[in-house]
Amino acid sequence: MNIKNPQNLNNKELKKGYLYDVIDEEKVEYCEFEEECNDKKLYDAEFENCKFNNVSMQNSILEKITFKDVIFEKCNFSNTEFLETTFIRCKFNNCKISGCNFAEERLYNVQLTETNANYASFSMSSMDNILFKNTGLQNSYFQEANMKNVYFDNAELVNAKFFKTSLRDIDLSNSNIEGIAISIDDIKGAIIDKLQTFDLLYLLGVKIKE
């Protein structure tokens, strides 16, 4: 696992930023945000070398936004739409992104730790060098997602749905996959624990006699 951390955040003092003041197509650099900014609508803006601390941005619509070298700490983005958004070298620590729509976004070198991503949708996303650690992904949705070097470390994938998304070479062995919805083709080549085979027997159409 070689996931790159956000760059340059320790080399320069961050100025205080205000999300309400950020406008469409603006580039924001070296800012730290600590505020509540729900129901925000933002288009084609860029955040680079920034920190979001205890930010609440629920029920917002963020379209074609770029987050590059950004840390999100204890933030709440529940039910926010991240449409065609790009995340490059970003960290989510102890955040809430439950119910978020990450449709057609690009994630490259992104780490999610102790984060609630239940009911989140990653449909048609491109994911490269991604870590889900101690993260809830219950009832999450992965449709036609392109996964490369994606790591699930003690993730809760209960009732997660994978549709036309290959998990070949992806290690699920220490994650909870109870109730996972997936096809034989998509699970083929994944790494699982022997006890997890019981969670996948339904794919064979067999019944266990007690």
# chains A, B, ... in the order shown; residues from 1 in each chain; ligands from 1
$ residues_around --residues "Phe152 of chain A" --least-positions-apart "3" --cutoff "8 Å" --atoms "only C-alpha atoms" --output "ChimeraX atom specification"
/A:131-133,155,170-172,174-175
$ residues_around --residues "Met147 of chain A" --least-positions-apart "6" --cutoff "7 Å" --atoms "only C-alpha atoms" --output "list in words"
Ser126, Met127 and Asp128 of chain A
$ residues_around --residues "Lys16 of chain A" --least-positions-apart "2" --cutoff "12 Å" --atoms "only C-alpha atoms" --output "PDB file with all heavy atoms, in the first residue's frame"
ATOM      1  N   GLU A  13       1.786  28.635   6.679  1.00  0.00           N
ATOM      2  CA  GLU A  13       0.681  28.972   7.579  1.00  0.00           C
ATOM      3  C   GLU A  13      -0.610  29.152   6.777  1.00  0.00           C
ATOM      4  O   GLU A  13      -0.617  29.813   5.727  1.00  0.00           O
ATOM      5  CB  GLU A  13       1.001  30.257   8.341  1.00  0.00           C
ATOM      6  CG  GLU A  13      -0.059  30.624   9.372  1.00  0.00           C
ATOM      7  CD  GLU A  13       0.325  31.855  10.172  1.00  0.00           C
ATOM      8  OE1 GLU A  13       1.467  32.337   9.992  1.00  0.00           O
ATOM      9  OE2 GLU A  13      -0.505  32.325  10.958  1.00  0.00           O
ATOM     10  N   LEU A  14      -1.683  28.560   7.284  1.00  0.00           N
ATOM     11  CA  LEU A  14      -2.964  28.650   6.590  1.00  0.00           C
ATOM     12  C   LEU A  14      -3.752  29.859   7.087  1.00  0.00           C
ATOM     13  O   LEU A  14      -3.830  30.120   8.285  1.00  0.00           O
ATOM     14  CB  LEU A  14      -3.774  27.371   6.819  1.00  0.00           C
ATOM     15  CG  LEU A  14      -3.115  26.057   6.396  1.00  0.00           C
ATOM     16  CD1 LEU A  14      -4.046  24.884   6.659  1.00  0.00           C
ATOM     17  CD2 LEU A  14      -2.704  26.095   4.934  1.00  0.00           C
ATOM     18  N   TYR A  18     -13.590  31.309   4.476  1.00  0.00           N
ATOM     19  CA  TYR A  18     -15.034  31.309   4.715  1.00  0.00           C
ATOM     20  C   TYR A  18     -15.734  30.713   3.499  1.00  0.00           C
ATOM     21  O   TYR A  18     -15.717  31.290   2.408  1.00  0.00           O
ATOM     22  CB  TYR A  18     -15.536  32.736   4.979  1.00  0.00           C
ATOM     23  CG  TYR A  18     -14.923  33.355   6.200  1.00  0.00           C
ATOM     24  CD1 TYR A  18     -13.769  34.137   6.102  1.00  0.00           C
ATOM     25  CD2 TYR A  18     -15.470  33.137   7.473  1.00  0.00           C
ATOM     26  CE1 TYR A  18     -13.193  34.703   7.228  1.00  0.00           C
ATOM     27  CE2 TYR A  18     -14.895  33.697   8.604  1.00  0.00           C
ATOM     28  CZ  TYR A  18     -13.759  34.476   8.469  1.00  0.00           C
ATOM     29  OH  TYR A  18     -13.172  35.030   9.594  1.00  0.00           O
ATOM     30  N   LEU A  19     -16.340  29.555   3.707  1.00  0.00           N
ATOM     31  CA  LEU A  19     -16.964  28.831   2.599  1.00  0.00           C
ATOM     32  C   LEU A  19     -18.100  29.619   1.964  1.00  0.00           C
ATOM     33  O   LEU A  19     -18.341  29.521   0.763  1.00  0.00           O
ATOM     34  CB  LEU A  19     -17.464  27.480   3.090  1.00  0.00           C
ATOM     35  CG  LEU A  19     -16.365  26.471   3.433  1.00  0.00           C
ATOM     36  CD1 LEU A  19     -16.941  25.266   4.151  1.00  0.00           C
ATOM     37  CD2 LEU A  19     -15.645  26.023   2.161  1.00  0.00           C
ATOM     38  N   ASP A  21     -18.157  32.588   1.256  1.00  0.00           N
ATOM     39  CA  ASP A  21     -17.615  33.586   0.333  1.00  0.00           C
ATOM     40  C   ASP A  21     -17.043  32.980  -0.943  1.00  0.00           C
ATOM     41  O   ASP A  21     -16.728  33.716  -1.885  1.00  0.00           O
ATOM     42  CB  ASP A  21     -16.519  34.405   1.036  1.00  0.00           C
ATOM     43  CG  ASP A  21     -17.056  35.246   2.176  1.00  0.00           C
ATOM     44  OD1 ASP A  21     -18.265  35.567   2.158  1.00  0.00           O
ATOM     45  OD2 ASP A  21     -16.275  35.568   3.097  1.00  0.00           O
ATOM     46  N   VAL A  28      -9.030  28.375  -4.459  1.00  0.00           N
ATOM     47  CA  VAL A  28      -8.738  28.713  -3.069  1.00  0.00           C
ATOM     48  C   VAL A  28      -7.515  27.926  -2.628  1.00  0.00           C
ATOM     49  O   VAL A  28      -7.474  26.698  -2.759  1.00  0.00           O
ATOM     50  CB  VAL A  28      -9.934  28.378  -2.155  1.00  0.00           C
ATOM     51  CG1 VAL A  28      -9.633  28.765  -0.722  1.00  0.00           C
ATOM     52  CG2 VAL A  28     -11.195  29.080  -2.654  1.00  0.00           C
ATOM     53  N   GLU A  29      -6.510  28.621  -2.102  1.00  0.00           N
ATOM     54  CA  GLU A  29      -5.275  27.958  -1.691  1.00  0.00           C
ATOM     55  C   GLU A  29      -4.899  28.339  -0.258  1.00  0.00           C
ATOM     56  O   GLU A  29      -5.128  29.457   0.184  1.00  0.00           O
ATOM     57  CB  GLU A  29      -4.122  28.339  -2.619  1.00  0.00           C
ATOM     58  CG  GLU A  29      -4.282  27.880  -4.058  1.00  0.00           C
ATOM     59  CD  GLU A  29      -3.087  28.257  -4.912  1.00  0.00           C
ATOM     60  OE1 GLU A  29      -3.048  29.404  -5.400  1.00  0.00           O
ATOM     61  OE2 GLU A  29      -2.184  27.412  -5.074  1.00  0.00           O
ATOM     62  N   TYR A  30      -4.305  27.367   0.453  1.00  0.00           N
ATOM     63  CA  TYR A  30      -3.754  27.570   1.788  1.00  0.00           C
ATOM     64  C   TYR A  30      -4.744  28.249   2.739  1.00  0.00           C
ATOM     65  O   TYR A  30      -4.439  29.261   3.366  1.00  0.00           O
ATOM     66  CB  TYR A  30      -2.445  28.364   1.712  1.00  0.00           C
ATOM     67  CG  TYR A  30      -1.351  27.607   0.997  1.00  0.00           C
ATOM     68  CD1 TYR A  30      -1.031  27.903  -0.325  1.00  0.00           C
ATOM     69  CD2 TYR A  30      -0.662  26.580   1.632  1.00  0.00           C
ATOM     70  CE1 TYR A  30      -0.039  27.194  -0.999  1.00  0.00           C
ATOM     71  CE2 TYR A  30       0.323  25.863   0.964  1.00  0.00           C
ATOM     72  CZ  TYR A  30       0.635  26.177  -0.349  1.00  0.00           C
ATOM     73  OH  TYR A  30       1.617  25.464  -1.015  1.00  0.00           O
ATOM     74  N   CYS A  31      -5.934  27.674   2.805  1.00  0.00           N
ATOM     75  CA  CYS A  31      -6.972  28.185   3.714  1.00  0.00           C
ATOM     76  C   CYS A  31      -7.420  27.093   4.673  1.00  0.00           C
ATOM     77  O   CYS A  31      -7.369  25.898   4.349  1.00  0.00           O
ATOM     78  CB  CYS A  31      -8.185  28.684   2.926  1.00  0.00           C
ATOM     79  SG  CYS A  31      -7.950  30.309   2.173  1.00  0.00           S
ATOM     80  N   GLU A  32      -7.869  27.512   5.843  1.00  0.00           N
ATOM     81  CA  GLU A  32      -8.446  26.597   6.817  1.00  0.00           C
ATOM     82  C   GLU A  32      -9.877  27.039   7.087  1.00  0.00           C
ATOM     83  O   GLU A  32     -10.131  28.218   7.374  1.00  0.00           O
ATOM     84  CB  GLU A  32      -7.637  26.601   8.108  1.00  0.00           C
ATOM     85  CG  GLU A  32      -8.115  25.572   9.117  1.00  0.00           C
ATOM     86  CD  GLU A  32      -7.139  25.392  10.273  1.00  0.00           C
ATOM     87  OE1 GLU A  32      -6.145  26.147  10.335  1.00  0.00           O
ATOM     88  OE2 GLU A  32      -7.369  24.495  11.109  1.00  0.00           O
ATOM     89  N   PHE A  33     -10.796  26.071   6.981  1.00  0.00           N
ATOM     90  CA  PHE A  33     -12.220  26.374   7.146  1.00  0.00           C
ATOM     91  C   PHE A  33     -12.750  25.714   8.414  1.00  0.00           C
ATOM     92  O   PHE A  33     -12.478  24.546   8.687  1.00  0.00           O
ATOM     93  CB  PHE A  33     -13.020  25.876   5.933  1.00  0.00           C
ATOM     94  CG  PHE A  33     -12.584  26.481   4.624  1.00  0.00           C
ATOM     95  CD1 PHE A  33     -11.671  25.824   3.809  1.00  0.00           C
ATOM     96  CD2 PHE A  33     -13.071  27.709   4.218  1.00  0.00           C
ATOM     97  CE1 PHE A  33     -11.265  26.376   2.605  1.00  0.00           C
ATOM     98  CE2 PHE A  33     -12.669  28.269   3.006  1.00  0.00           C
ATOM     99  CZ  PHE A  33     -11.770  27.597   2.201  1.00  0.00           C
ATOM    100  N   GLU A  34     -13.534  26.469   9.182  1.00  0.00           N
ATOM    101  CA  GLU A  34     -14.172  25.971  10.396  1.00  0.00           C
ATOM    102  C   GLU A  34     -15.519  26.678  10.535  1.00  0.00           C
ATOM    103  O   GLU A  34     -15.620  27.706  11.214  1.00  0.00           O
ATOM    104  CB  GLU A  34     -13.309  26.241  11.633  1.00  0.00           C
ATOM    105  CG  GLU A  34     -11.975  25.529  11.648  1.00  0.00           C
ATOM    106  CD  GLU A  34     -11.158  25.829  12.900  1.00  0.00           C
ATOM    107  OE1 GLU A  34     -11.132  27.005  13.309  1.00  0.00           O
ATOM    108  OE2 GLU A  34     -10.567  24.906  13.465  1.00  0.00           O
ATOM    109  N   GLU A  35     -16.532  26.136   9.885  1.00  0.00           N
ATOM    110  CA  GLU A  35     -17.827  26.818   9.924  1.00  0.00           C
ATOM    111  C   GLU A  35     -18.941  25.882   9.479  1.00  0.00           C
ATOM    112  O   GLU A  35     -18.698  24.758   9.019  1.00  0.00           O
ATOM    113  CB  GLU A  35     -17.803  28.041   9.003  1.00  0.00           C
ATOM    114  CG  GLU A  35     -17.581  27.682   7.523  1.00  0.00           C
ATOM    115  CD  GLU A  35     -17.477  28.899   6.622  1.00  0.00           C
ATOM    116  OE1 GLU A  35     -18.474  29.636   6.536  1.00  0.00           O
ATOM    117  OE2 GLU A  35     -16.410  29.097   6.002  1.00  0.00           O
ATOM    118  N   CYS A  50      -5.567  22.860   1.557  1.00  0.00           N
ATOM    119  CA  CYS A  50      -6.525  23.418   2.517  1.00  0.00           C
ATOM    120  C   CYS A  50      -6.884  22.391   3.592  1.00  0.00           C
ATOM    121  O   CYS A  50      -6.674  21.194   3.427  1.00  0.00           O
ATOM    122  CB  CYS A  50      -7.814  23.851   1.803  1.00  0.00           C
ATOM    123  SG  CYS A  50      -7.605  25.255   0.679  1.00  0.00           S
ATOM    124  N   LYS A  51      -7.433  22.889   4.698  1.00  0.00           N
ATOM    125  CA  LYS A  51      -7.946  22.041   5.772  1.00  0.00           C
ATOM    126  C   LYS A  51      -9.389  22.429   6.077  1.00  0.00           C
ATOM    127  O   LYS A  51      -9.727  23.605   6.122  1.00  0.00           O
ATOM    128  CB  LYS A  51      -7.109  22.182   7.043  1.00  0.00           C
ATOM    129  CG  LYS A  51      -5.750  21.528   6.976  1.00  0.00           C
ATOM    130  CD  LYS A  51      -5.035  21.598   8.333  1.00  0.00           C
ATOM    131  CE  LYS A  51      -3.684  20.909   8.293  1.00  0.00           C
ATOM    132  NZ  LYS A  51      -2.990  20.978   9.612  1.00  0.00           N
ATOM    133  N   PHE A  52     -10.215  21.390   6.273  1.00  0.00           N
ATOM    134  CA  PHE A  52     -11.598  21.574   6.692  1.00  0.00           C
ATOM    135  C   PHE A  52     -11.725  20.946   8.086  1.00  0.00           C
ATOM    136  O   PHE A  52     -11.611  19.732   8.228  1.00  0.00           O
ATOM    137  CB  PHE A  52     -12.554  20.883   5.722  1.00  0.00           C
ATOM    138  CG  PHE A  52     -12.681  21.536   4.370  1.00  0.00           C
ATOM    139  CD1 PHE A  52     -11.608  21.557   3.487  1.00  0.00           C
ATOM    140  CD2 PHE A  52     -13.876  22.122   3.989  1.00  0.00           C
ATOM    141  CE1 PHE A  52     -11.725  22.159   2.237  1.00  0.00           C
ATOM    142  CE2 PHE A  52     -14.016  22.717   2.730  1.00  0.00           C
ATOM    143  CZ  PHE A  52     -12.932  22.745   1.859  1.00  0.00           C
ATOM    144  N   ASN A  53     -11.935  21.762   9.108  1.00  0.00           N
ATOM    145  CA  ASN A  53     -12.038  21.276  10.473  1.00  0.00           C
ATOM    146  C   ASN A  53     -13.447  21.498  11.021  1.00  0.00           C
ATOM    147  O   ASN A  53     -13.920  22.640  11.081  1.00  0.00           O
ATOM    148  CB  ASN A  53     -11.040  21.989  11.397  1.00  0.00           C
ATOM    149  CG  ASN A  53      -9.601  21.641  11.085  1.00  0.00           C
ATOM    150  OD1 ASN A  53      -9.275  20.476  10.876  1.00  0.00           O
ATOM    151  ND2 ASN A  53      -8.726  22.635  11.053  1.00  0.00           N
TER     152      ASN A  53
END
$ closest_residue --among "A:Ser123, A:Glu178, A:Asp24, A:Lys148" --to "Phe163 of chain A" --atoms "only C-alpha atoms"
A:Ser123
$ residues_around --residues "Glu156 of chain A" --least-positions-apart "3" --cutoff "10 Å" --atoms "only C-alpha atoms" --output "PyMOL selection string"
chain A and resi 116-118+132-140+152-153+159-160+174-178
$ residues_around --residues "Glu48 of chain A" --least-positions-apart "5" --cutoff "12 Å" --atoms "only C-alpha atoms" --output "JSON list (two decimals) with N, CA, C and O atoms, in the first residue's frame"
[["chain", "number", "residue", "atom", "x", "y", "z"],
["A", 6, "PRO", "N", -1.58, 14.21, 1.70],
["A", 6, "PRO", "CA", -1.64, 15.59, 1.23],
["A", 6, "PRO", "C", -0.28, 16.28, 1.37],
["A", 6, "PRO", "O", 0.43, 16.08, 2.35],
["A", 7, "GLN", "N", 0.06, 17.09, 0.39],
["A", 7, "GLN", "CA", 1.38, 17.71, 0.34],
["A", 7, "GLN", "C", 1.35, 19.17, 0.80],
["A", 7, "GLN", "O", 0.35, 19.87, 0.66],
["A", 8, "ASN", "N", 2.48, 19.62, 1.34],
["A", 8, "ASN", "CA", 2.76, 21.05, 1.59],
["A", 8, "ASN", "C", 1.91, 21.71, 2.66],
["A", 8, "ASN", "O", 2.00, 22.92, 2.86],
["A", 9, "LEU", "N", 1.10, 20.94, 3.39],
["A", 9, "LEU", "CA", 0.25, 21.58, 4.39],
["A", 9, "LEU", "C", 1.01, 21.99, 5.64],
["A", 9, "LEU", "O", 0.53, 22.84, 6.41],
["A", 14, "LEU", "N", -1.68, 28.56, 7.28],
["A", 14, "LEU", "CA", -2.96, 28.65, 6.59],
["A", 14, "LEU", "C", -3.75, 29.86, 7.09],
["A", 14, "LEU", "O", -3.83, 30.12, 8.28],
["A", 26, "GLU", "N", -13.73, 29.75, -8.65],
["A", 26, "GLU", "CA", -12.66, 30.35, -7.85],
["A", 26, "GLU", "C", -11.65, 29.29, -7.43],
["A", 26, "GLU", "O", -12.00, 28.14, -7.17],
["A", 27, "LYS", "N", -10.39, 29.67, -7.34],
["A", 27, "LYS", "CA", -9.34, 28.79, -6.82],
["A", 27, "LYS", "C", -8.95, 29.27, -5.44],
["A", 27, "LYS", "O", -8.57, 30.43, -5.26],
["A", 28, "VAL", "N", -9.03, 28.37, -4.46],
["A", 28, "VAL", "CA", -8.74, 28.71, -3.07],
["A", 28, "VAL", "C", -7.51, 27.93, -2.63],
["A", 28, "VAL", "O", -7.47, 26.70, -2.76],
["A", 29, "GLU", "N", -6.51, 28.62, -2.10],
["A", 29, "GLU", "CA", -5.27, 27.96, -1.69],
["A", 29, "GLU", "C", -4.90, 28.34, -0.26],
["A", 29, "GLU", "O", -5.13, 29.46, 0.18],
["A", 30, "TYR", "N", -4.31, 27.37, 0.45],
["A", 30, "TYR", "CA", -3.75, 27.57, 1.79],
["A", 30, "TYR", "C", -4.74, 28.25, 2.74],
["A", 30, "TYR", "O", -4.44, 29.26, 3.37],
["A", 31, "CYS", "N", -5.93, 27.67, 2.81],
["A", 31, "CYS", "CA", -6.97, 28.18, 3.71],
["A", 31, "CYS", "C", -7.42, 27.09, 4.67],
["A", 31, "CYS", "O", -7.37, 25.90, 4.35],
["A", 32, "GLU", "N", -7.87, 27.51, 5.84],
["A", 32, "GLU", "CA", -8.45, 26.60, 6.82],
["A", 32, "GLU", "C", -9.88, 27.04, 7.09],
["A", 32, "GLU", "O", -10.13, 28.22, 7.37],
["A", 65, "ILE", "N", -15.95, 20.16, -8.75],
["A", 65, "ILE", "CA", -15.02, 20.77, -7.82],
["A", 65, "ILE", "C", -13.76, 19.92, -7.75],
["A", 65, "ILE", "O", -13.80, 18.70, -7.89],
["A", 66, "THR", "N", -12.61, 20.56, -7.55],
["A", 66, "THR", "CA", -11.35, 19.85, -7.37],
["A", 66, "THR", "C", -10.82, 20.10, -5.97],
["A", 66, "THR", "O", -10.69, 21.25, -5.54],
["A", 67, "PHE", "N", -10.57, 19.01, -5.24],
["A", 67, "PHE", "CA", -9.92, 19.08, -3.93],
["A", 67, "PHE", "C", -8.54, 18.43, -4.09],
["A", 67, "PHE", "O", -8.44, 17.24, -4.37],
["A", 68, "LYS", "N", -7.50, 19.22, -3.92],
["A", 68, "LYS", "CA", -6.13, 18.71, -4.10],
["A", 68, "LYS", "C", -5.30, 19.01, -2.86],
["A", 68, "LYS", "O", -5.20, 20.17, -2.44],
["A", 69, "ASP", "N", -4.73, 17.97, -2.26],
["A", 69, "ASP", "CA", -3.95, 18.12, -1.03],
["A", 69, "ASP", "C", -4.79, 18.78, 0.05],
["A", 69, "ASP", "O", -4.47, 19.86, 0.56],
["A", 70, "VAL", "N", -5.87, 18.11, 0.39],
["A", 70, "VAL", "CA", -6.84, 18.64, 1.36],
["A", 70, "VAL", "C", -7.07, 17.63, 2.48],
["A", 70, "VAL", "O", -7.17, 16.43, 2.22],
["A", 71, "ILE", "N", -7.17, 18.12, 3.72],
["A", 71, "ILE", "CA", -7.51, 17.28, 4.88],
["A", 71, "ILE", "C", -8.89, 17.68, 5.38],
["A", 71, "ILE", "O", -9.17, 18.87, 5.59],
["A", 86, "THR", "N", -13.31, 15.91, -8.23],
["A", 86, "THR", "CA", -12.01, 15.26, -8.20],
["A", 86, "THR", "C", -11.36, 15.44, -6.83],
["A", 86, "THR", "O", -11.31, 16.55, -6.29],
["A", 87, "PHE", "N", -10.88, 14.32, -6.27],
["A", 87, "PHE", "CA", -10.14, 14.34, -5.01],
["A", 87, "PHE", "C", -8.74, 13.78, -5.28],
["A", 87, "PHE", "O", -8.60, 12.64, -5.70],
["A", 88, "ILE", "N", -7.71, 14.59, -5.04],
["A", 88, "ILE", "CA", -6.33, 14.16, -5.26],
["A", 88, "ILE", "C", -5.53, 14.36, -3.97],
["A", 88, "ILE", "O", -5.47, 15.47, -3.43],
["A", 89, "ARG", "N", -4.96, 13.30, -3.46],
["A", 89, "ARG", "CA", -4.19, 13.32, -2.20],
["A", 89, "ARG", "C", -5.00, 13.99, -1.09],
["A", 89, "ARG", "O", -4.62, 15.06, -0.58],
["A", 90, "CYS", "N", -6.10, 13.36, -0.72],
["A", 90, "CYS", "CA", -6.98, 13.89, 0.31],
["A", 90, "CYS", "C", -7.17, 12.89, 1.44],
["A", 90, "CYS", "O", -7.06, 11.68, 1.24]]
$ atom_distance --atom1 "atom CA of Glu25 of chain A" --atom2 "atom CA of Ser98 of chain A"
26.5 Å
$ atom_distance --atom1 "atom CA of Met57 of chain A" --atom2 "atom CA of Lys96 of chain A"
10.2 Å
$ select_by_dssp --residues "segment 5-190 of chain A" --states "alpha helix (DSSP H)" --output "PyMOL selection string"
chain A and resi 184-187
$ write_last_selection --atoms "all heavy atoms" --output "mmCIF file, in the first residue's frame"
data_model
loop_
_atom_site.group_PDB
_atom_site.id
_atom_site.type_symbol
_atom_site.label_atom_id
_atom_site.label_comp_id
_atom_site.auth_asym_id
_atom_site.auth_seq_id
_atom_site.Cartn_x
_atom_site.Cartn_y
_atom_site.Cartn_z
ATOM 1 N N ILE A 184 -21.287 -13.083 -9.540
ATOM 2 C CA ILE A 184 -20.129 -13.986 -9.554
ATOM 3 C C ILE A 184 -18.984 -13.363 -10.338
ATOM 4 O O ILE A 184 -17.814 -13.454 -9.940
ATOM 5 C CB ILE A 184 -20.519 -15.352 -10.161
ATOM 6 C CG1 ILE A 184 -21.471 -16.099 -9.219
ATOM 7 C CG2 ILE A 184 -19.277 -16.191 -10.417
ATOM 8 C CD1 ILE A 184 -21.920 -17.432 -9.753
ATOM 9 N N ASP A 185 -19.288 -12.724 -11.449
ATOM 10 C CA ASP A 185 -18.236 -12.114 -12.269
ATOM 11 C C ASP A 185 -17.505 -11.014 -11.498
ATOM 12 O O ASP A 185 -16.285 -10.872 -11.609
ATOM 13 C CB ASP A 185 -18.836 -11.536 -13.553
ATOM 14 C CG ASP A 185 -19.246 -12.622 -14.542
ATOM 15 O OD1 ASP A 185 -18.716 -13.750 -14.428
ATOM 16 O OD2 ASP A 185 -20.089 -12.348 -15.399
ATOM 17 N N ASP A 186 -18.238 -10.217 -10.721
ATOM 18 C CA ASP A 186 -17.620 -9.096 -10.020
ATOM 19 C C ASP A 186 -16.807 -9.535 -8.806
ATOM 20 O O ASP A 186 -15.815 -8.887 -8.443
ATOM 21 C CB ASP A 186 -18.680 -8.082 -9.595
ATOM 22 C CG ASP A 186 -19.242 -7.296 -10.767
ATOM 23 O OD1 ASP A 186 -18.558 -7.213 -11.805
ATOM 24 O OD2 ASP A 186 -20.362 -6.763 -10.660
ATOM 25 N N ILE A 187 -17.214 -10.611 -8.150
ATOM 26 C CA ILE A 187 -16.484 -11.073 -6.965
ATOM 27 C C ILE A 187 -15.308 -11.972 -7.341
ATOM 28 O O ILE A 187 -14.411 -12.216 -6.525
ATOM 29 C CB ILE A 187 -17.431 -11.830 -5.996
ATOM 30 C CG1 ILE A 187 -16.805 -11.958 -4.592
ATOM 31 C CG2 ILE A 187 -17.795 -13.193 -6.551
ATOM 32 C CD1 ILE A 187 -16.600 -10.687 -3.849
#
$ select_by_dssp --residues "segment 40-146 of chain A" --states "strand (DSSP E)" --output "MDAnalysis selection string"
chainID A and resid 41:43 46:53 61:63 66:73 81:83 86:93 106:113 126:133 141:143 146
$ closest_residue --among "A:Ala181, A:Cys75, A:Val22, A:Ile192" --to "Gln143 of chain A" --atoms "only C-alpha atoms"
A:Ala181
$ residues_around --residues "Glu73 of chain A" --least-positions-apart "4" --cutoff "9 Å" --atoms "only C-alpha atoms" --output "PyMOL selection string"
chain A and resi 51-55+91-95
$ atom_distance --atom1 "atom CA of Tyr43 of chain A" --atom2 "atom CA of Tyr20 of chain A"
13.2 Å
$ closest_residue --among "A:Met1, A:Glu63, A:Met124, A:Ser56" --to "Ile97 of chain A" --atoms "only C-alpha atoms"
A:Ser56
$ closest_residue --among "A:Leu201, A:Val110, A:Ala145, A:Ile180" --to "Lys161 of chain A" --atoms "only C-alpha atoms"
A:Ile180
